[in-house]
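Structure file start.txt with compact mmCIF, C-alpha atoms and all ligand atoms:
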# COMPACT_ATOMS: atom_id res chain seq x y z
CA MET E 1 22.94 48.67 -23.01
CA ASN E 2 20.54 45.83 -23.76
CA ARG E 3 20.45 43.61 -20.72
CA VAL E 4 20.46 39.87 -21.27
CA VAL E 5 18.85 38.35 -18.20
CA LEU E 6 19.01 34.59 -17.59
CA ALA E 7 17.11 34.84 -14.30
CA GLU E 8 16.54 37.63 -11.79
CA GLY E 9 20.00 38.91 -10.82
CA ILE E 10 21.88 36.84 -13.40
CA ASP E 11 23.07 38.75 -16.48
CA TRP E 12 25.06 37.68 -19.51
CA VAL E 13 28.02 40.08 -19.75
CA GLY E 14 29.90 38.29 -22.52
CA VAL E 15 31.04 39.56 -25.91
CA VAL E 16 30.42 38.60 -29.52
CA ASP E 17 33.49 37.96 -31.70
CA TRP E 18 31.80 38.41 -35.08
CA ASN E 19 34.90 38.30 -37.23
CA ILE E 20 37.02 35.47 -35.91
CA ARG E 21 37.45 32.83 -38.62
CA ASP E 22 40.42 30.96 -37.20
CA PHE E 23 40.07 29.81 -33.61
CA HIS E 24 43.42 28.09 -32.92
CA GLY E 25 43.10 26.38 -36.31
CA TYR E 26 39.38 25.57 -36.05
CA VAL E 27 37.63 27.34 -38.94
CA THR E 28 34.92 29.39 -37.20
CA ARG E 29 32.95 30.39 -40.27
CA ARG E 30 30.18 31.89 -38.12
CA GLY E 31 32.44 33.60 -35.55
CA THR E 32 31.97 32.94 -31.84
CA THR E 33 31.13 34.49 -28.48
CA TYR E 34 32.90 34.46 -25.13
CA ASN E 35 30.25 34.25 -22.46
CA ALA E 36 30.62 35.61 -18.94
CA TYR E 37 27.86 35.85 -16.37
CA LEU E 38 27.35 38.34 -13.54
CA ILE E 39 25.37 37.18 -10.52
CA GLN E 40 24.19 39.95 -8.15
CA ASP E 41 23.12 38.88 -4.69
CA GLU E 42 24.26 39.75 -1.13
CA LYS E 43 27.63 38.65 -2.50
CA ASN E 44 28.33 39.24 -6.18
CA ALA E 45 30.03 36.79 -8.50
CA LEU E 46 31.40 37.02 -12.01
CA VAL E 47 31.50 33.64 -13.73
CA ASP E 48 34.40 33.57 -16.22
CA THR E 49 35.81 36.46 -18.21
CA VAL E 50 36.46 36.85 -21.96
CA LYS E 51 39.34 36.85 -24.44
CA HIS E 52 41.86 39.57 -23.55
CA THR E 53 41.13 41.67 -26.65
CA PHE E 54 37.59 42.23 -25.35
CA ALA E 55 38.45 43.10 -21.74
CA ASN E 56 37.18 46.69 -22.07
CA GLU E 57 33.84 45.62 -23.43
CA LEU E 58 33.39 43.18 -20.55
CA LEU E 59 34.34 45.88 -18.06
CA GLN E 60 31.84 48.32 -19.58
CA LYS E 61 29.09 45.73 -19.37
CA ILE E 62 29.86 45.07 -15.72
CA CYS E 63 30.03 48.80 -14.93
CA ALA E 64 26.59 49.34 -16.49
CA LEU E 65 25.19 46.91 -13.92
CA MET E 66 27.33 47.48 -10.83
CA ASP E 67 30.58 48.82 -9.45
CA PRO E 68 33.22 46.14 -10.22
CA ALA E 69 34.84 46.87 -6.84
CA LYS E 70 31.75 45.20 -5.34
CA ILE E 71 32.43 41.88 -7.05
CA ASP E 72 33.21 39.39 -4.28
CA TYR E 73 34.13 36.37 -6.40
CA ILE E 74 35.46 35.69 -9.87
CA ILE E 75 34.77 32.09 -10.78
CA VAL E 76 37.37 30.76 -13.22
CA ASN E 77 35.82 27.61 -14.66
CA HIS E 78 38.63 27.22 -17.20
CA VAL E 79 41.97 28.96 -17.65
CA GLU E 80 42.21 28.75 -21.46
CA ILE E 81 42.88 32.29 -22.67
CA ASP E 82 39.53 32.73 -24.45
CA HIS E 83 37.91 32.66 -20.97
CA SER E 84 40.58 34.00 -18.64
CA GLY E 85 42.51 36.43 -20.88
CA SER E 86 40.76 39.42 -19.29
CA LEU E 87 41.26 38.18 -15.73
CA PRO E 88 44.33 40.33 -14.94
CA ILE E 89 42.52 43.50 -16.09
CA ILE E 90 39.17 42.68 -14.48
CA ALA E 91 40.90 41.69 -11.23
CA LYS E 92 42.43 45.20 -11.05
CA TYR E 93 38.94 46.73 -11.04
CA ALA E 94 37.33 43.95 -9.02
CA LYS E 95 39.97 44.63 -6.40
CA ASN E 96 38.07 42.97 -3.56
CA ALA E 97 37.33 39.77 -5.41
CA THR E 98 38.55 36.32 -4.46
CA ILE E 99 39.16 34.03 -7.41
CA ILE E 100 37.52 30.61 -7.23
CA ALA E 101 39.08 27.78 -9.23
CA SER E 102 39.82 24.06 -9.14
CA ALA E 103 43.21 23.02 -7.75
CA ARG E 104 44.62 22.66 -11.24
CA GLY E 105 42.87 25.90 -12.19
CA LYS E 106 44.81 27.70 -9.45
CA ASP E 107 48.10 26.32 -10.78
CA ALA E 108 47.16 27.26 -14.35
CA ILE E 109 46.19 30.82 -13.34
CA ILE E 110 49.61 31.26 -11.70
CA GLU E 111 51.35 29.71 -14.73
CA HIS E 112 49.54 32.10 -17.10
CA TYR E 113 49.35 35.33 -15.11
CA GLY E 114 51.66 35.10 -12.10
CA SER E 115 50.84 34.78 -8.42
CA ASP E 116 49.37 38.21 -7.57
CA PHE E 117 45.90 36.80 -7.01
CA ARG E 118 43.88 35.69 -4.01
CA ILE E 119 42.68 32.26 -5.10
CA GLU E 120 40.42 29.87 -3.24
CA VAL E 121 40.39 26.26 -4.42
CA VAL E 122 37.14 24.30 -4.73
CA LYS E 123 36.38 20.66 -5.52
CA THR E 124 33.32 18.76 -6.66
CA GLY E 125 30.40 19.27 -4.30
CA ASP E 126 31.74 22.45 -2.68
CA GLU E 127 29.21 25.24 -2.37
CA LEU E 128 29.48 28.99 -2.17
CA LYS E 129 26.57 30.89 -0.60
CA LEU E 130 25.94 34.24 -2.28
CA GLY E 131 22.76 35.11 -0.34
CA LYS E 132 19.54 33.89 -1.88
CA ARG E 133 21.66 31.86 -4.23
CA THR E 134 24.17 29.05 -3.95
CA LEU E 135 26.89 28.13 -6.40
CA ARG E 136 27.90 24.47 -6.50
CA PHE E 137 31.06 23.32 -8.28
CA ILE E 138 31.63 20.16 -10.29
CA GLU E 139 35.17 19.43 -11.44
CA ALA E 140 35.26 18.39 -15.09
CA PRO E 141 38.90 17.58 -15.83
CA MET E 142 39.72 17.50 -19.57
CA LEU E 143 36.38 19.07 -20.50
CA HIS E 144 38.22 20.97 -21.91
CA TRP E 145 41.56 21.10 -20.03
CA PRO E 146 42.72 19.47 -16.77
CA ASP E 147 41.58 22.57 -14.84
CA SER E 148 38.03 22.73 -16.19
CA MET E 149 35.03 22.79 -13.88
CA PHE E 150 31.30 23.46 -14.10
CA THR E 151 29.45 25.98 -11.93
CA TYR E 152 25.84 25.20 -11.05
CA VAL E 153 23.45 27.85 -9.73
CA VAL E 154 21.37 25.70 -7.40
CA GLU E 155 18.22 27.81 -6.93
CA ASP E 156 17.89 28.78 -10.61
CA LYS E 157 18.95 25.33 -11.86
CA ILE E 158 21.42 26.90 -14.28
CA LEU E 159 24.48 24.89 -15.30
CA MET E 160 27.48 26.95 -16.44
CA PRO E 161 29.71 24.26 -17.92
CA ASN E 162 32.14 26.57 -19.73
CA ASP E 163 33.36 24.89 -22.95
CA ALA E 164 31.01 21.89 -22.75
CA PHE E 165 27.79 22.27 -24.79
CA GLY E 166 29.15 25.37 -26.56
CA GLN E 167 29.00 26.40 -30.19
CA HIS E 168 31.16 28.77 -32.20
CA LEU E 169 28.25 30.92 -33.32
CA ALA E 170 28.28 34.72 -33.34
CA THR E 171 24.74 36.03 -33.27
CA SER E 172 22.76 38.97 -31.89
CA ALA E 173 20.50 36.42 -30.17
CA ARG E 174 21.55 34.89 -26.88
CA PHE E 175 19.16 31.95 -26.49
CA ASP E 176 18.53 28.69 -28.35
CA ASP E 177 14.90 29.57 -29.12
CA GLU E 178 15.97 32.77 -30.88
CA VAL E 179 18.21 31.21 -33.54
CA ASN E 180 17.70 28.84 -36.45
CA GLU E 181 17.67 25.36 -34.94
CA ASN E 182 19.50 23.70 -37.86
CA VAL E 183 22.30 26.26 -37.78
CA LEU E 184 22.56 25.87 -34.01
CA MET E 185 22.81 22.08 -34.11
CA GLU E 186 25.25 22.22 -37.04
CA GLU E 187 27.57 24.49 -35.05
CA ALA E 188 27.13 22.42 -31.87
CA LYS E 189 28.11 19.34 -33.88
CA THR E 190 31.10 21.05 -35.51
CA TYR E 191 32.25 22.16 -32.05
CA TYR E 192 31.84 18.68 -30.58
CA ALA E 193 33.66 17.05 -33.52
CA ASN E 194 36.62 19.40 -33.50
CA ILE E 195 37.08 20.01 -29.78
CA LEU E 196 35.44 17.31 -27.72
CA MET E 197 35.55 14.19 -29.94
CA PRO E 198 38.69 12.70 -28.30
CA LEU E 199 37.05 13.14 -24.89
CA ALA E 200 34.02 10.97 -25.72
CA PRO E 201 34.57 8.46 -22.87
CA LEU E 202 34.94 11.31 -20.36
CA ILE E 203 31.78 12.95 -21.66
CA THR E 204 29.81 9.73 -21.34
CA ARG E 205 31.00 9.39 -17.71
CA LYS E 206 30.41 13.05 -16.89
CA LEU E 207 26.84 12.89 -18.25
CA GLU E 208 26.23 9.82 -16.05
CA GLU E 209 27.75 11.60 -13.05
CA VAL E 210 25.56 14.67 -13.54
CA THR E 211 22.51 12.42 -13.93
CA GLN E 212 23.43 10.60 -10.70
CA LEU E 213 23.84 13.90 -8.84
CA GLY E 214 20.16 14.33 -9.68
CA ILE E 215 20.55 18.05 -10.28
CA PRO E 216 17.69 19.48 -12.28
CA ILE E 217 18.90 21.52 -15.26
CA ALA E 218 16.57 24.27 -16.42
CA MET E 219 19.22 26.07 -18.44
CA ILE E 220 22.71 25.40 -19.77
CA ALA E 221 24.78 28.55 -20.11
CA PRO E 222 28.03 27.61 -21.88
CA SER E 223 31.03 29.82 -22.55
CA HIS E 224 30.56 29.94 -26.35
CA GLY E 225 27.44 30.57 -28.40
CA VAL E 226 23.84 30.69 -27.28
CA ILE E 227 22.30 29.61 -23.98
CA TRP E 228 20.16 26.46 -23.95
CA ARG E 229 16.99 27.59 -22.15
CA ALA E 230 14.16 26.25 -24.32
CA ASN E 231 15.54 22.77 -24.70
CA PRO E 232 18.66 21.97 -22.67
CA ALA E 233 17.84 18.26 -22.95
CA LYS E 234 18.39 18.49 -26.70
CA ILE E 235 22.09 19.20 -26.44
CA ILE E 236 22.53 16.68 -23.61
CA HIS E 237 20.97 13.98 -25.81
CA ALA E 238 23.06 15.04 -28.80
CA TYR E 239 26.23 14.74 -26.67
CA ALA E 240 25.15 11.30 -25.49
CA ASP E 241 24.70 10.19 -29.12
CA TRP E 242 27.93 11.73 -30.40
CA SER E 243 30.00 10.37 -27.53
CA ALA E 244 28.52 6.90 -28.05
CA GLY E 245 29.99 7.10 -31.58
CA ALA E 246 26.82 5.87 -33.24
CA GLY E 247 27.54 6.59 -36.93
CA LYS E 248 25.02 6.65 -39.76
CA ASN E 249 25.23 4.65 -42.99
CA LYS E 250 27.47 7.33 -44.37
CA VAL E 251 30.79 7.20 -46.20
CA VAL E 252 33.14 10.19 -46.21
CA ILE E 253 35.78 10.35 -48.94
CA VAL E 254 38.64 12.72 -48.17
CA TYR E 255 41.39 13.19 -50.73
CA ASP E 256 43.70 15.54 -52.56
CA THR E 257 45.21 15.44 -56.02
CA MET E 258 47.86 17.12 -58.14
CA TRP E 259 46.91 16.08 -61.70
CA GLY E 260 43.43 14.62 -61.23
CA SER E 261 44.06 10.87 -61.06
CA THR E 262 43.24 10.52 -57.38
CA ASP E 263 40.24 12.78 -58.01
CA ARG E 264 38.89 10.37 -60.66
CA MET E 265 39.38 7.48 -58.28
CA ALA E 266 37.55 9.37 -55.52
CA ARG E 267 34.57 10.01 -57.82
CA ALA E 268 34.36 6.35 -58.82
CA ILE E 269 34.50 5.23 -55.17
CA ALA E 270 31.75 7.76 -54.36
CA GLU E 271 29.55 6.41 -57.15
CA GLY E 272 30.05 2.87 -55.96
CA ALA E 273 29.13 3.76 -52.38
CA ALA E 274 26.12 5.83 -53.48
CA SER E 275 24.89 2.90 -55.60
CA GLN E 276 24.29 1.08 -52.29
CA GLY E 277 21.94 3.80 -51.07
CA VAL E 278 24.20 5.20 -48.35
CA GLU E 279 24.95 8.87 -47.79
CA VAL E 280 28.25 9.92 -49.37
CA LYS E 281 30.35 13.05 -48.81
CA VAL E 282 33.36 13.86 -50.97
CA LEU E 283 35.85 16.43 -49.72
CA LYS E 284 38.97 17.57 -51.53
CA LEU E 285 41.21 19.02 -48.91
CA ARG E 286 42.27 22.12 -50.78
CA ALA E 287 38.58 23.00 -51.20
CA ALA E 288 37.21 21.86 -47.83
CA ASP E 289 38.96 22.48 -44.51
CA LEU E 290 39.84 20.03 -41.74
CA THR E 291 37.10 21.42 -39.49
CA GLU E 292 34.45 20.46 -42.05
CA ALA E 293 36.09 17.10 -42.73
CA LEU E 294 36.07 16.00 -39.08
CA THR E 295 32.51 17.24 -38.62
CA GLU E 296 31.40 15.04 -41.53
CA ILE E 297 33.34 12.10 -40.12
CA LEU E 298 31.75 12.37 -36.66
CA ASP E 299 28.50 10.68 -37.74
CA ALA E 300 29.90 8.52 -40.57
CA LYS E 301 30.69 4.81 -40.39
CA ALA E 302 33.46 4.75 -43.01
CA VAL E 303 36.24 7.06 -44.14
CA VAL E 304 38.06 6.54 -47.44
CA VAL E 305 41.23 8.59 -47.82
CA GLY E 306 43.04 9.23 -51.09
CA SER E 307 46.44 10.73 -51.77
CA PRO E 308 48.79 10.90 -54.74
CA THR E 309 52.40 10.08 -53.96
CA LEU E 310 54.53 13.17 -53.63
CA ASN E 311 58.23 12.68 -53.00
CA ASN E 312 57.75 9.08 -51.81
CA GLY E 313 55.03 9.95 -49.33
CA MET E 314 51.56 11.35 -48.92
CA PHE E 315 50.42 14.75 -50.05
CA PRO E 316 50.89 17.33 -47.22
CA THR E 317 47.18 18.12 -46.82
CA ILE E 318 46.50 14.42 -46.29
CA SER E 319 49.27 14.05 -43.77
CA ALA E 320 47.86 17.07 -41.89
CA PHE E 321 44.40 15.55 -42.09
CA LEU E 322 45.55 12.21 -40.69
CA THR E 323 47.54 13.89 -37.92
CA TYR E 324 44.41 15.83 -36.96
CA ALA E 325 42.11 12.81 -37.26
CA VAL E 326 44.40 10.54 -35.22
CA GLY E 327 44.44 13.12 -32.42
CA LEU E 328 40.64 13.43 -32.40
CA LYS E 329 40.26 9.63 -32.05
CA PRO E 330 37.09 9.09 -34.10
CA LYS E 331 35.31 6.05 -32.71
CA GLY E 332 34.22 2.94 -34.60
CA LYS E 333 35.00 3.99 -38.18
CA LEU E 334 36.13 1.73 -41.01
CA TRP E 335 39.10 3.24 -42.89
CA SER E 336 40.34 2.58 -46.41
CA PHE E 337 43.09 4.15 -48.54
CA PHE E 338 43.69 4.78 -52.21
CA GLY E 339 45.80 6.92 -54.50
CA SER E 340 47.76 7.36 -57.67
CA TYR E 341 51.55 7.19 -58.00
CA GLY E 342 54.13 7.34 -60.79
CA TRP E 343 57.05 5.09 -59.89
CA GLY E 344 57.97 3.93 -56.37
CA GLY E 345 54.69 4.98 -54.72
CA GLY E 346 54.48 5.47 -50.96
CA ALA E 347 51.34 7.46 -50.15
CA VAL E 348 49.02 4.51 -49.60
CA ARG E 349 51.68 2.71 -47.56
CA SER E 350 52.31 5.77 -45.36
CA MET E 351 48.60 6.38 -44.80
CA THR E 352 48.00 2.75 -43.91
CA GLU E 353 50.92 2.69 -41.49
CA MET E 354 49.69 5.81 -39.76
CA ALA E 355 46.19 4.38 -39.41
CA GLN E 356 47.52 1.05 -38.12
CA LYS E 357 49.61 2.83 -35.52
CA ALA E 358 46.53 4.74 -34.39
CA GLY E 359 44.61 1.49 -34.01
CA PHE E 360 42.07 2.34 -36.71
CA GLN E 361 40.02 -0.49 -38.20
CA ILE E 362 41.23 -0.85 -41.82
CA HIS E 363 39.37 -2.38 -44.77
CA GLU E 364 41.36 -5.21 -46.45
CA THR E 365 41.43 -3.62 -49.91
CA ASN E 366 43.43 -0.50 -50.61
CA ILE E 367 43.81 0.64 -54.21
CA GLU E 368 46.91 2.06 -55.85
CA VAL E 369 46.95 3.10 -59.50
CA LYS E 370 50.05 3.85 -61.61
CA TYR E 371 49.63 7.30 -63.17
CA VAL E 372 46.18 7.62 -64.76
CA PRO E 373 43.39 5.17 -63.86
CA ASP E 374 41.94 3.19 -66.81
CA GLN E 375 38.44 1.72 -67.01
CA GLU E 376 39.54 -1.43 -65.17
CA ASP E 377 41.02 0.68 -62.32
CA LEU E 378 37.89 2.81 -62.07
CA LYS E 379 35.78 -0.34 -61.93
CA LYS E 380 37.89 -1.51 -58.97
CA CYS E 381 37.34 1.86 -57.31
CA PHE E 382 33.58 1.63 -57.89
CA GLU E 383 33.63 -1.86 -56.33
CA LEU E 384 35.64 -0.60 -53.36
CA GLY E 385 32.92 2.01 -52.79
CA GLN E 386 30.27 -0.71 -52.99
CA GLN E 387 32.11 -2.94 -50.50
CA ILE E 388 32.66 -0.16 -47.99
CA ALA E 389 29.03 0.95 -48.23
CA ALA E 390 27.85 -2.63 -47.77
CA ARG E 391 29.95 -2.89 -44.60
CA THR E 392 28.44 0.29 -43.16
CA LYS E 393 25.01 -1.29 -43.61
CA ALA E 394 26.02 -4.65 -42.13
C1 LIG Q 401 56.12 17.02 -57.45
C2 LIG Q 401 55.81 15.56 -57.70
C3 LIG Q 401 56.48 14.59 -56.96
C4 LIG Q 401 56.20 13.23 -57.17
N1 LIG Q 401 56.83 12.31 -56.39
C5 LIG Q 401 56.56 10.99 -56.61
C6 LIG Q 401 57.24 9.98 -55.86
O1 LIG Q 401 58.11 10.26 -55.04
N2 LIG Q 401 56.94 8.67 -56.08
C7 LIG Q 401 55.98 8.31 -56.98
O2 LIG Q 401 55.68 7.11 -57.11
N3 LIG Q 401 55.32 9.24 -57.74
C8 LIG Q 401 55.60 10.57 -57.55
N4 LIG Q 401 54.95 11.51 -58.31
C9 LIG Q 401 54.03 11.07 -59.38
C10 LIG Q 401 52.59 11.20 -58.96
O3 LIG Q 401 52.34 10.42 -57.81
C11 LIG Q 401 51.70 10.77 -60.13
O4 LIG Q 401 51.83 11.73 -61.15
C12 LIG Q 401 50.25 10.56 -59.77
O5 LIG Q 401 49.55 10.02 -60.85
C13 LIG Q 401 49.59 11.89 -59.35
O6 LIG Q 401 48.29 11.63 -58.93
P1 LIG Q 401 47.23 12.84 -58.99
O7 LIG Q 401 46.88 13.04 -60.45
O8 LIG Q 401 46.09 12.37 -58.16
O9 LIG Q 401 47.92 14.04 -58.44
C14 LIG Q 401 55.24 12.87 -58.13
C15 LIG Q 401 54.58 13.86 -58.86
C16 LIG Q 401 54.84 15.19 -58.64
C17 LIG Q 401 54.09 16.22 -59.43
FE FE Q 402 38.84 25.60 -23.79
FE FE Q 403 36.59 28.04 -24.97
Please rewrite the model in this file as structure tokens.
Ligand SMILES: Cc1cc2nc3c(=O)[nH]c(=O)nc-3n(C[C@H](O)[C@H](O)[C@H](O)COP(=O)(O)O)c2cc1C
Ligand SMILES: [Fe+2]
Ligand SMILES: [Fe+2]
Amino acid sequence: MNRVVLAEGIDWVGVVDWNIRDFHGYVTRRGTTYNAYLIQDEKNALVDTVKHTFANELLQKICALMDPAKIDYIIVNHVEIDHSGSLPIIAKYAKNATIIASARGKDAIIEHYGSDFRIEVVKTGDELKLGKRTLRFIEAPMLHWPDSMFTYVVEDKILMPNDAFGQHLATSARFDDEVNENVLMEEAKTYYANILMPLAPLITRKLEEVTQLGIPIAMIAPSHGVIWRANPAKIIHAYADWSAGAGKNKVVIVYDTMWGSTDRMARAIAEGAASQGVEVKVLKLRAADLTEALTEILDAKAVVVGSPTLNNGMFPTISAFLTYAVGLKPKGKLWSFFGSYGWGGGAVRSMTEMAQKAGFQIHETNIEVKYVPDQEDLKKCFELGQQIAARTKA
């Protein structure tokens, strides 16, 4: 087995899930990894486990390094199944181990796997001496679930923040300096947009808290993707930017269409926006997926959404998109709506109502066209694009 050593006595024992393309609805076009770390000292600790389907591979990796019966602690930073699914199996082999979790982590372990475990609860600031090394715990509720916490290896300055700072990226490389930087940042951004976006205020506060703790961070070892060893500051700065919601002069047009009318309107709006020199992205939702759409929206200042009317309401892909977008709470975007209808209409009204209810900022002009847009309609669409683009620059 190829060892992946983070520091003396600290091994990556995670697994690569090359073929996953649907991670609870998130389109993981580059697969993912589930990272677990084994720390060997006077006392031995396993930090997190992996998805249940990979329990054997994790066990083999541990066995290649040590007898699992000699594991003293299993740190459960987060009980979501991608990180704790193997816990019941590993705990059978690590039969002397005490599980370490936050208070809500303990409850969640019992709710998922029953109460046959010896669990010790820790809170922010608590430390666990392993020998030469000390583990310090930082509770991080809602990053990603109420139970989440970070583990910090004091002497090696390694932060193990579980889901925070991760990327869904399956690769044979384990470190940031071994992969293409653009691909890495693209996947880190996609991950932030689709998982962490609604938690932006918590992330801002957590970053401040970690800064105030004054803990030096030499390495960030998350639970998905590669380990940030060359440039951990890069992902911290990216999170600070994303959570601040600082969008670019960029307009994203998301739409769907049955017979092409809404498509023609979308193209005219895009031309109008592009004529103002801003970046424009056009996504038809039966060609692009929601994961891509929300990633594009993360750093945009305006979102223009188009839907034909189907049975008095919006097209189903658009209603799914808005449901998803409302839940992810994109910050500081300007929204506008358009679409084609045949008789009573309804799509633009439904979209607008949904956005109003979510508290989105809505541009005054929405455009509805009866059946097929004529030149006058397309001119109005072009002008809408111009207006929206001008507002992103204002
Ligand atoms: C299955 C179906 C259901 C429709 N339901 C409605 C409706 O309830 N109200 C309405 O105003 N138009 C309705 N329409 C008409 C469309 O909204 C209209 O044809 C529109 O121009 C389609 O825009 P598109 O070319 O972007 O798909 C329906 C069309 C189809 C094909
Ligand atoms: Fe999670
Ligand atoms: Fe996860």
>> At a cut-off of 9 Å around ligand FE 402 (chain Q), and using only C-alpha atoms and all ligand atoms, what residues come up? Please write them as JSON, numbers by chain.
In response: {"E": [78, 79, 80, 81, 82, 83, 143, 144, 145, 148, 162, 163, 164, 195, 223]}
May I have a table of the residues of chain E lying at most 6 Å from ligand LIG 401 (chain Q), giving each one's closest pair of atoms and their distance in Å to one decimal, counting all atoms listed in the file, ordered by chain and ascending residue number, as a Markdown table?
| residue | atom | partner | partner_atom | distance |
| --- | --- | --- | --- | --- |
| E:Thr257 | CA | Q:LIG401 | O8 | 3.8 |
| E:Met258 | CA | Q:LIG401 | O9 | 3.1 |
| E:Trp259 | CA | Q:LIG401 | O7 | 3.3 |
| E:Gly260 | CA | Q:LIG401 | O7 | 3.9 |
| E:Ser261 | CA | Q:LIG401 | O7 | 3.6 |
| E:Thr262 | CA | Q:LIG401 | O8 | 3.5 |
| E:Asp263 | CA | Q:LIG401 | O8 | 5.9 |
| E:Pro308 | CA | Q:LIG401 | O6 | 4.3 |
| E:Thr309 | CA | Q:LIG401 | O3 | 3.9 |
| E:Leu310 | CA | Q:LIG401 | N1 | 3.7 |
| E:Asn311 | CA | Q:LIG401 | O1 | 3.2 |
| E:Asn312 | CA | Q:LIG401 | O1 | 3.5 |
| E:Ser340 | CA | Q:LIG401 | O6 | 4.5 |
| E:Tyr341 | CA | Q:LIG401 | O3 | 3.3 |
| E:Gly342 | CA | Q:LIG401 | N3 | 3.8 |
| E:Trp343 | CA | Q:LIG401 | O2 | 3.7 |
| E:Gly344 | CA | Q:LIG401 | O2 | 4.0 |
| E:Gly345 | CA | Q:LIG401 | O2 | 3.4 |
| E:Tyr371 | CA | Q:LIG401 | O5 | 3.6 |
| E:Val372 | CA | Q:LIG401 | O5 | 5.7 |
> Using all atoms listed in the file, which of the listed residues (E:Lys123, E:His52, E:Lys43, E:Lys357) sits closest to Ala69 in chain E?
Replying inline: E:Lys43
> Glu178 in chain E: which residues within 10 Å, counting all atoms listed in the file, same-chain residues fewer than 5 positions away excluded, as number ranges by chain?
Replying inline: E: 171-173, 226-227, 230
> Nearest to Leu290 in chain E among E:Val47, E:Met351, E:Thr317, E:Arg29, with distances taken over all atoms listed in the file: which residue is it?
Replying inline: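 Smallest separation from Leu290 in chain E among the options: E:Thr317.
Using only C-alpha atoms and all ligand atoms, the smallest distance between any of E:Ile74, E:Leu59, E:Leu196, E:Ile10 and ligand FE 403 (chain Q) comes from E:Leu196.
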